[in-house]
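The file coords.csv comes next; it holds CSV, C-alpha atoms.
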```
chain,number,residue,atom,x,y,z
A,1,GLY,CA,60.8,127.3,189.7
A,2,SER,CA,57.6,126.3,191.4
A,3,GLY,CA,56.0,123.2,192.6
A,4,SER,CA,52.6,122.2,191.1
A,5,GLY,CA,49.8,121.2,193.4
A,6,SER,CA,46.2,120.0,193.2
A,7,GLY,CA,43.2,121.9,194.2
A,8,SER,CA,41.7,125.2,193.2
A,9,ALA,CA,43.5,127.2,196.0
A,10,ALA,CA,46.9,126.0,194.9
A,11,TYR,CA,46.1,126.7,191.3
A,12,ALA,CA,44.9,130.2,192.1
A,13,THR,CA,48.1,130.8,194.1
A,14,LEU,CA,50.2,129.6,191.2
A,15,GLU,CA,48.4,132.0,188.8
A,16,ALA,CA,49.0,134.9,191.2
A,17,LEU,CA,52.7,133.9,191.6
A,18,GLU,CA,53.1,133.6,187.9
A,19,ALA,CA,51.6,137.1,187.4
A,20,SER,CA,54.0,138.5,190.0
A,21,VAL,CA,57.0,136.9,188.4
A,22,ARG,CA,56.0,138.2,185.0
A,23,ALA,CA,55.6,141.7,186.5
A,24,VAL,CA,59.1,141.8,188.0
A,25,ALA,CA,61.1,139.7,185.5
A,26,PRO,CA,61.7,142.1,182.6
A,27,PRO,CA,64.5,144.2,184.2
A,28,LEU,CA,66.2,141.1,185.5
A,29,ARG,CA,66.3,139.0,182.3
A,30,ALA,CA,69.9,139.9,181.5
A,31,ALA,CA,71.2,138.2,184.6
A,32,SER,CA,68.4,135.8,185.5
A,33,ALA,CA,66.3,133.1,184.0
A,34,PHE,CA,62.7,132.4,185.1
A,35,VAL,CA,61.4,128.9,184.8
A,36,PHE,CA,58.2,127.2,185.9
A,37,LEU,CA,58.7,123.5,186.7
A,38,SER,CA,56.4,120.7,187.9
A,39,ALA,CA,58.2,119.5,191.1
A,40,SER,CA,55.5,117.4,192.7
A,41,VAL,CA,56.6,114.8,195.3
A,42,HIS,CA,54.8,112.2,193.1
A,43,ASP,CA,56.4,112.9,189.8
A,44,ALA,CA,59.8,114.3,190.8
A,45,PRO,CA,60.7,113.5,194.4
A,46,GLU,CA,64.3,114.5,194.1
A,47,LEU,CA,63.5,117.9,192.7
A,48,ALA,CA,60.7,118.3,195.3
A,49,ALA,CA,63.3,117.6,198.1
A,50,TYR,CA,65.8,119.9,196.5
A,51,THR,CA,63.4,122.8,196.4
A,52,GLY,CA,61.5,122.0,199.6
A,53,VAL,CA,58.1,121.4,198.0
A,54,GLY,CA,55.6,119.6,200.2
A,55,GLY,CA,52.1,118.5,199.6
A,56,GLY,CA,51.6,115.0,200.9
A,57,GLY,CA,52.6,111.7,199.4
A,58,GLY,CA,49.3,110.1,198.7
A,59,GLY,CA,49.7,106.7,197.2
A,60,SER,CA,52.9,107.4,195.2
A,61,GLY,CA,55.1,105.3,197.3
A,62,TYR,CA,57.5,108.2,197.9
A,63,GLY,CA,55.9,109.5,201.0
A,64,SER,CA,55.6,113.3,201.6
A,65,ALA,CA,58.3,115.9,201.0
A,66,GLU,CA,58.5,116.2,204.8
A,67,ASP,CA,60.0,112.7,204.8
A,68,LEU,CA,62.8,114.1,202.5
A,69,VAL,CA,63.4,117.6,203.8
A,70,VAL,CA,62.4,119.6,206.8
A,71,GLU,CA,60.5,122.9,206.5
A,72,ALA,CA,58.7,121.7,203.3
A,73,LEU,CA,56.3,124.2,201.9
A,74,PRO,CA,53.0,123.5,200.1
A,75,PRO,CA,53.1,124.3,196.4
A,76,PRO,CA,53.6,126.5,194.6
A,77,VAL,CA,57.1,127.4,195.8
A,78,LEU,CA,59.4,130.0,194.3
A,79,VAL,CA,63.1,129.1,194.6
A,80,VAL,CA,66.1,131.2,193.4
A,81,VAL,CA,69.1,129.0,192.5
A,82,HIS,CA,72.6,130.2,192.0
A,83,THR,CA,73.7,128.7,188.6
A,84,THR,CA,77.4,128.6,189.5
A,85,GLY,CA,77.0,127.2,193.0
A,86,THR,CA,74.7,125.4,195.4
A,87,ALA,CA,73.1,128.4,197.1
A,88,LYS,CA,69.4,128.8,196.9
A,89,TRP,CA,66.7,131.1,198.4
A,90,ARG,CA,63.0,130.4,198.9
A,91,TYR,CA,60.4,133.1,198.7
A,92,VAL,CA,57.8,132.9,201.5
A,93,GLY,CA,56.0,136.2,200.9
A,94,SER,CA,52.6,136.7,199.3
A,95,ALA,CA,52.2,135.3,195.8
A,96,ALA,CA,50.1,138.2,194.7
A,97,ASP,CA,52.5,140.9,196.1
A,98,SER,CA,54.8,141.8,193.3
A,99,SER,CA,56.5,144.5,195.4
A,100,ALA,CA,57.4,142.0,198.1
A,101,LEU,CA,58.7,139.6,195.4
A,102,GLN,CA,60.8,142.5,193.9
A,103,ARG,CA,62.3,143.2,197.3
A,104,PHE,CA,63.1,139.5,197.8
A,105,LEU,CA,64.8,139.3,194.4
A,106,ASN,CA,66.8,142.4,195.1
A,107,GLY,CA,67.9,141.0,198.5
A,108,VAL,CA,69.2,137.9,196.8
A,109,ARG,CA,70.8,139.8,194.0
A,110,PHE,CA,72.8,142.1,196.3
A,111,GLY,CA,73.6,139.5,198.9
A,112,LEU,CA,71.3,140.8,201.6
A,113,LEU,CA,69.5,137.6,202.4
A,114,PRO,CA,70.8,134.4,203.8
A,115,ALA,CA,70.6,131.3,201.6
A,116,TRP,CA,68.1,128.6,202.5
A,117,LEU,CA,69.8,125.4,203.5
A,118,ARG,CA,68.1,122.1,202.9
A,119,SER,CA,68.2,119.7,205.8
A,120,ALA,CA,67.1,116.1,206.1
A,121,PRO,CA,64.8,115.3,209.0
A,122,LEU,CA,66.4,114.6,212.4
A,123,PRO,CA,67.3,111.0,212.9
A,124,PRO,CA,64.8,109.1,215.2
A,125,GLY,CA,65.4,109.8,218.8
A,126,ALA,CA,67.6,112.8,218.1
A,127,PRO,CA,67.1,115.9,220.3
A,128,THR,CA,65.0,118.6,218.5
A,129,LEU,CA,67.5,121.3,219.3
A,130,GLY,CA,71.3,121.4,219.6
A,131,PHE,CA,73.7,118.7,218.7
A,132,PRO,CA,73.4,114.9,219.0
A,133,PRO,CA,75.1,113.2,221.9
A,134,MET,CA,78.7,112.3,221.3
A,135,VAL,CA,79.4,108.6,221.8
A,136,PRO,CA,83.1,107.6,222.2
A,137,ASP,CA,84.5,105.6,219.2
A,138,THR,CA,81.3,106.3,217.2
A,139,VAL,CA,80.7,108.1,213.9
A,140,VAL,CA,77.8,110.4,214.4
A,141,GLU,CA,75.2,110.9,211.6
A,142,LEU,CA,74.5,114.7,211.3
A,143,VAL,CA,71.9,116.6,209.3
A,144,THR,CA,72.2,120.3,208.4
A,145,ALA,CA,69.9,121.5,211.2
A,146,GLN,CA,72.3,119.9,213.7
A,147,LEU,CA,75.4,121.2,212.0
A,148,GLN,CA,74.0,124.7,212.0
A,149,ALA,CA,73.3,124.4,215.8
A,150,LEU,CA,76.9,123.3,216.4
A,151,LEU,CA,78.3,126.2,214.4
A,152,ARG,CA,76.1,128.6,216.3
A,153,GLY,CA,77.9,127.4,219.5
A,154,GLU,CA,74.9,125.7,221.0
A,155,GLY,CA,75.4,123.0,223.6
A,156,GLY,CA,77.3,124.8,226.3
A,157,ALA,CA,80.1,123.1,228.2
A,158,GLY,CA,79.4,119.7,226.6
A,159,ALA,CA,79.6,120.9,223.0
A,160,PRO,CA,82.5,119.6,220.9
A,161,ARG,CA,85.5,121.9,220.3
A,162,TYR,CA,86.5,120.0,217.1
A,163,LEU,CA,84.4,118.4,214.4
A,164,LEU,CA,85.8,116.1,211.8
A,165,LEU,CA,83.1,115.8,209.2
A,166,LEU,CA,82.9,113.3,206.3
A,167,VAL,CA,80.7,114.6,203.4
A,168,TYR,CA,79.5,111.6,201.5
A,169,ALA,CA,76.9,110.4,199.0
A,170,PRO,CA,75.0,107.1,199.3
A,171,TRP,CA,75.8,106.1,195.7
A,172,CYS,CA,79.5,106.8,196.1
A,173,GLY,CA,81.6,103.6,196.0
A,174,HIS,CA,84.7,105.2,197.4
A,175,CYS,CA,82.7,106.5,200.4
A,176,THR,CA,81.5,102.9,201.1
A,177,ARG,CA,85.1,101.6,200.9
A,178,PHE,CA,86.3,104.4,203.3
A,179,GLU,CA,83.7,103.6,206.0
A,180,LYS,CA,85.9,101.1,207.9
A,181,THR,CA,88.9,103.5,208.0
A,182,TYR,CA,86.6,106.3,209.2
A,183,ARG,CA,85.2,104.1,212.0
A,184,ASP,CA,88.8,103.4,213.0
A,185,ILE,CA,89.5,107.2,213.0
A,186,ALA,CA,86.6,107.6,215.3
A,187,SER,CA,88.0,104.9,217.6
A,188,GLU,CA,91.5,106.5,217.4
A,189,LEU,CA,90.1,109.9,218.5
A,190,GLY,CA,87.8,108.4,221.1
A,191,ALA,CA,90.0,109.4,224.0
A,192,ALA,CA,89.2,113.1,223.2
A,193,PRO,CA,85.8,113.7,224.8
A,194,ARG,CA,85.2,117.0,222.8
A,195,VAL,CA,86.2,115.8,219.4
A,196,MET,CA,83.2,114.8,217.3
A,197,VAL,CA,83.7,112.5,214.4
A,198,ALA,CA,80.7,112.7,212.1
A,199,ARG,CA,79.4,112.3,208.6
A,200,ILE,CA,76.6,114.0,206.6
A,201,ASP,CA,74.8,112.9,203.5
A,202,ALA,CA,75.3,115.7,201.0
A,203,THR,CA,72.6,114.5,198.7
A,204,ALA,CA,70.0,115.3,201.4
A,205,ASN,CA,71.7,118.2,203.2
A,206,ASP,CA,73.2,121.5,202.2
A,207,LEU,CA,76.4,122.7,203.9
A,208,PRO,CA,76.6,126.1,205.5
A,209,GLY,CA,79.1,128.6,204.1
A,210,GLU,CA,80.7,129.2,200.8
A,211,LEU,CA,82.3,125.8,200.4
A,212,GLU,CA,81.9,124.2,197.0
A,213,LEU,CA,82.3,120.5,196.9
A,214,SER,CA,83.8,118.9,193.8
A,215,ALA,CA,84.1,115.3,194.8
A,216,TYR,CA,83.0,112.7,197.3
A,217,PRO,CA,84.1,111.8,199.9
A,218,THR,CA,85.3,115.1,201.3
A,219,LEU,CA,86.7,115.5,204.8
A,220,LEU,CA,86.3,118.8,206.6
A,221,LEU,CA,87.7,119.8,210.0
A,222,TYR,CA,85.9,122.5,212.0
A,223,ALA,CA,87.9,124.1,214.7
A,224,ASN,CA,88.4,127.6,216.0
A,225,GLY,CA,90.4,127.0,219.2
A,226,GLY,CA,87.6,128.2,221.5
A,227,ASP,CA,85.2,126.4,223.8
A,228,SER,CA,82.7,125.7,221.1
A,229,LEU,CA,82.5,125.6,217.3
A,230,GLU,CA,80.8,129.0,217.0
A,231,GLY,CA,81.8,130.7,213.8
A,232,ALA,CA,84.3,127.9,212.9
A,233,GLU,CA,85.2,127.7,209.2
A,234,PRO,CA,85.9,124.3,207.6
A,235,ILE,CA,89.5,123.2,206.7
A,236,GLU,CA,89.4,120.7,203.8
A,237,TYR,CA,91.6,117.7,204.0
A,238,ALA,CA,93.7,117.1,200.9
A,239,GLY,CA,95.9,114.2,201.8
A,240,THR,CA,95.6,110.4,201.4
A,241,ARG,CA,92.7,108.7,203.0
A,242,THR,CA,94.6,106.7,205.5
A,243,LEU,CA,94.1,106.5,209.2
A,244,GLY,CA,97.6,107.8,210.1
A,245,SER,CA,97.6,110.8,207.8
A,246,ILE,CA,94.0,111.9,208.8
A,247,VAL,CA,94.7,111.6,212.5
A,248,SER,CA,97.9,113.6,212.0
A,249,PHE,CA,95.9,116.2,210.1
A,250,VAL,CA,93.4,116.5,213.0
A,251,LEU,CA,96.1,116.7,215.7
A,252,ALA,CA,98.1,119.3,213.7
A,253,GLU,CA,95.1,121.7,213.9
A,254,VAL,CA,94.5,121.3,217.6
A,255,PRO,CA,96.2,124.1,219.5
A,256,ALA,CA,99.2,123.2,221.7
A,257,LYS,CA,97.3,124.1,224.8
A,258,ASP,CA,94.8,121.4,224.0
A,259,GLN,CA,97.2,118.6,223.2
A,260,PRO,CA,97.3,117.3,226.8
A,261,TRP,CA,93.5,117.5,226.9
A,262,LEU,CA,93.2,115.1,224.0
A,263,GLY,CA,94.4,112.3,226.2
A,264,ALA,CA,97.3,109.9,226.0
A,265,ARG,CA,95.8,107.2,223.8
A,266,SER,CA,95.8,109.1,220.5
A,267,ARG,CA,99.3,110.5,221.1
A,268,GLN,CA,100.7,107.0,221.9
A,269,ARG,CA,99.2,105.4,218.9
A,270,GLN,CA,100.2,108.3,216.7
A,271,GLU,CA,103.9,108.1,217.9
A,272,GLN,CA,103.9,104.3,217.3
A,273,ARG,CA,102.4,104.7,213.8
A,274,LEU,CA,104.9,107.4,212.8
A,275,SER,CA,107.7,105.2,214.1
A,276,ASN,CA,106.5,102.3,212.0
A,277,GLU,CA,106.2,104.5,208.9
A,278,GLY,CA,109.7,105.9,209.5
A,279,ALA,CA,111.0,102.4,209.5
A,280,GLY,CA,109.9,102.0,205.9
A,281,GLY,CA,106.3,100.8,206.4
A,282,THR,CA,104.9,102.4,203.3
A,283,ALA,CA,103.1,99.4,201.8
A,284,GLY,CA,100.3,99.5,204.3
A,285,ALA,CA,99.7,103.1,203.5
A,286,ALA,CA,99.5,102.5,199.8
A,287,ALA,CA,97.2,99.5,200.4
A,288,SER,CA,94.9,101.8,202.4
A,289,HIS,CA,94.3,104.2,199.5
A,290,ASP,CA,91.0,104.2,197.7
A,291,THR,CA,90.8,104.1,193.9
A,292,PRO,CA,93.5,106.5,192.6
A,293,GLN,CA,92.3,110.0,191.8
A,294,GLY,CA,91.4,110.5,188.2
A,295,GLN,CA,89.5,107.2,188.1
A,296,ALA,CA,86.4,108.6,189.7
A,297,GLU,CA,83.0,107.0,189.4
A,298,ARG,CA,80.3,109.4,188.4
A,299,PRO,CA,76.7,109.2,189.6
A,300,ALA,CA,74.0,108.5,187.2
A,301,SER,CA,72.4,111.8,188.0
A,302,GLY,CA,75.4,113.8,186.9
A,303,ASP,CA,76.0,115.3,190.3
A,304,LYS,CA,79.4,115.8,191.9
A,305,GLN,CA,82.0,113.2,191.1
A,306,GLU,CA,83.7,111.0,193.6
A,307,LEU,CA,87.4,110.7,194.0
```
Write out the structure in this file as structure tokens.
Amino acid sequence: GSGSGSGSAAYATLEALEASVRAVAPPLRAASAFVFLSASVHDAPELAAYTGVGGGGGGSGYGSAEDLVVEALPPPVLVVVHTTGTAKWRYVGSAADSSALQRFLNGVRFGLLPAWLRSAPLPPGAPTLGFPPMVPDTVVELVTAQLQALLRGEGGAGAPRYLLLLVYAPWCGHCTRFEKTYRDIASELGAAPRVMVARIDATANDLPGELELSAYPTLLLYANGGDSLEGAEPIEYAGTRTLGSIVSFVLAEVPAKDQPWLGARSRQRQEQRLSNEGAGGTAGAAASHDTPQGQAERPASGDKQEL
């Protein structure tokens, strides 16, 4: 697809890009569909943010695409979207160079090019590079650019070794009801100075890797046993959304050599909780559950469901 823009220069670029697409499309039609869409930030702000189309907000009330996604490009923008997943690639070559476009499409087709990940802008006051500061007992709000920095191992000796990440959507009622429990989890793990408890808005950010999310909220733990999160792959949590079970999940993934490093507070609380549950304290756990699975609310947009 491409974003439409105003002005003779943008229109000329769109014509050149359309000609290039028509030149390379015939041999690819069996496995690909080529569509031209109007994705202006005025008329379709969500589509503009999804594809990274910029161009200024004017008086639309939506602001510019740069307010919604970093690295926004002026229209027209050509984006390749994987129809069975969330991966997408943006073409940044010459609109009139059909050979360059052909090389780009072949690179996507044969897995030679990295996918483009959409990222919301950095929060106000956040460092431009690396990860945000870890504040004990606090849930950190991340964007994709920061998550990528963490997974590249940036930050040196102060970087977290473990990342518990809540993937949420603003419209998700179950996510809202889980907020207090998640803040309690951050407090529970606050004795561990290199465990980051964070969350990320999946409606504004793409996650690195091959993970396909089917529901919100989703809890992921990144850990590789090293001094940083470089190369860590996510482990998806599949248990009940209670404080005790989630903290147990995190501690179970921490190598034995790091258990003393986590500090005494989490271990003491966890031992007391397990003792209470062993004495028959199951009602509290049941009361802590969100709406039972299978009664998921669906967003109006038809995106991923919530459990």
Distance of atom CA of A:Glu253 from atom CA of A:Ile235, expressed in Å to one decimal place:
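Taking atom CA of A:Ile235 and atom CA of A:Glu253, their separation equals 9.2 Å.
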Minimum-distance residue to A:Ala238, chosen among A:Asn224, A:Thr218, A:Ser99, A:Thr144 (using all atoms listed in the file)
A:Thr218
Looking at only C-alpha atoms, which of A:Glu230, A:Glu18, A:Asp97, A:Glu188 is the one that sits closest to A:Ala159?
A:Glu230
Calculate how many Å separate atom CA of A:Thr203 from atom CA of A:Pro170, rounding to one decimal.
7.8 Å
With all atoms listed in the file counted, which protein, DNA or RNA residues have an atom no more than 10 Å from (61.9, 132.8, 179.2) in the file frame? Please answer as a ChimeraX atom specification.
/A:22,25-26,29,32-36
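As for atom CA of A:Leu28 and atom CA of A:Ser214, they are spaced 29.5 Å apart.
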If we count all atoms listed in the file and set the cut-off at 12 Å, which residues sit around stretch 147-149 of chain A, ignoring sequence neighbours fewer than 4 positions away in its own chain? Please answer as an MDAnalysis selection string.
chainID A and resid 116:120 122 127:132 140:143 153:156 159:160 163:165 196 198:201 205:209 222 228:234
Check the smallest atom-to-atom distance from each of A:Leu220, A:Leu166, A:Leu17, A:Leu37 to A:Val139 using all atoms listed in the file, then report the winner.
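Nearest candidate to A:Val139 out of A:Leu220, A:Leu166, A:Leu17, A:Leu37: A:Leu166.
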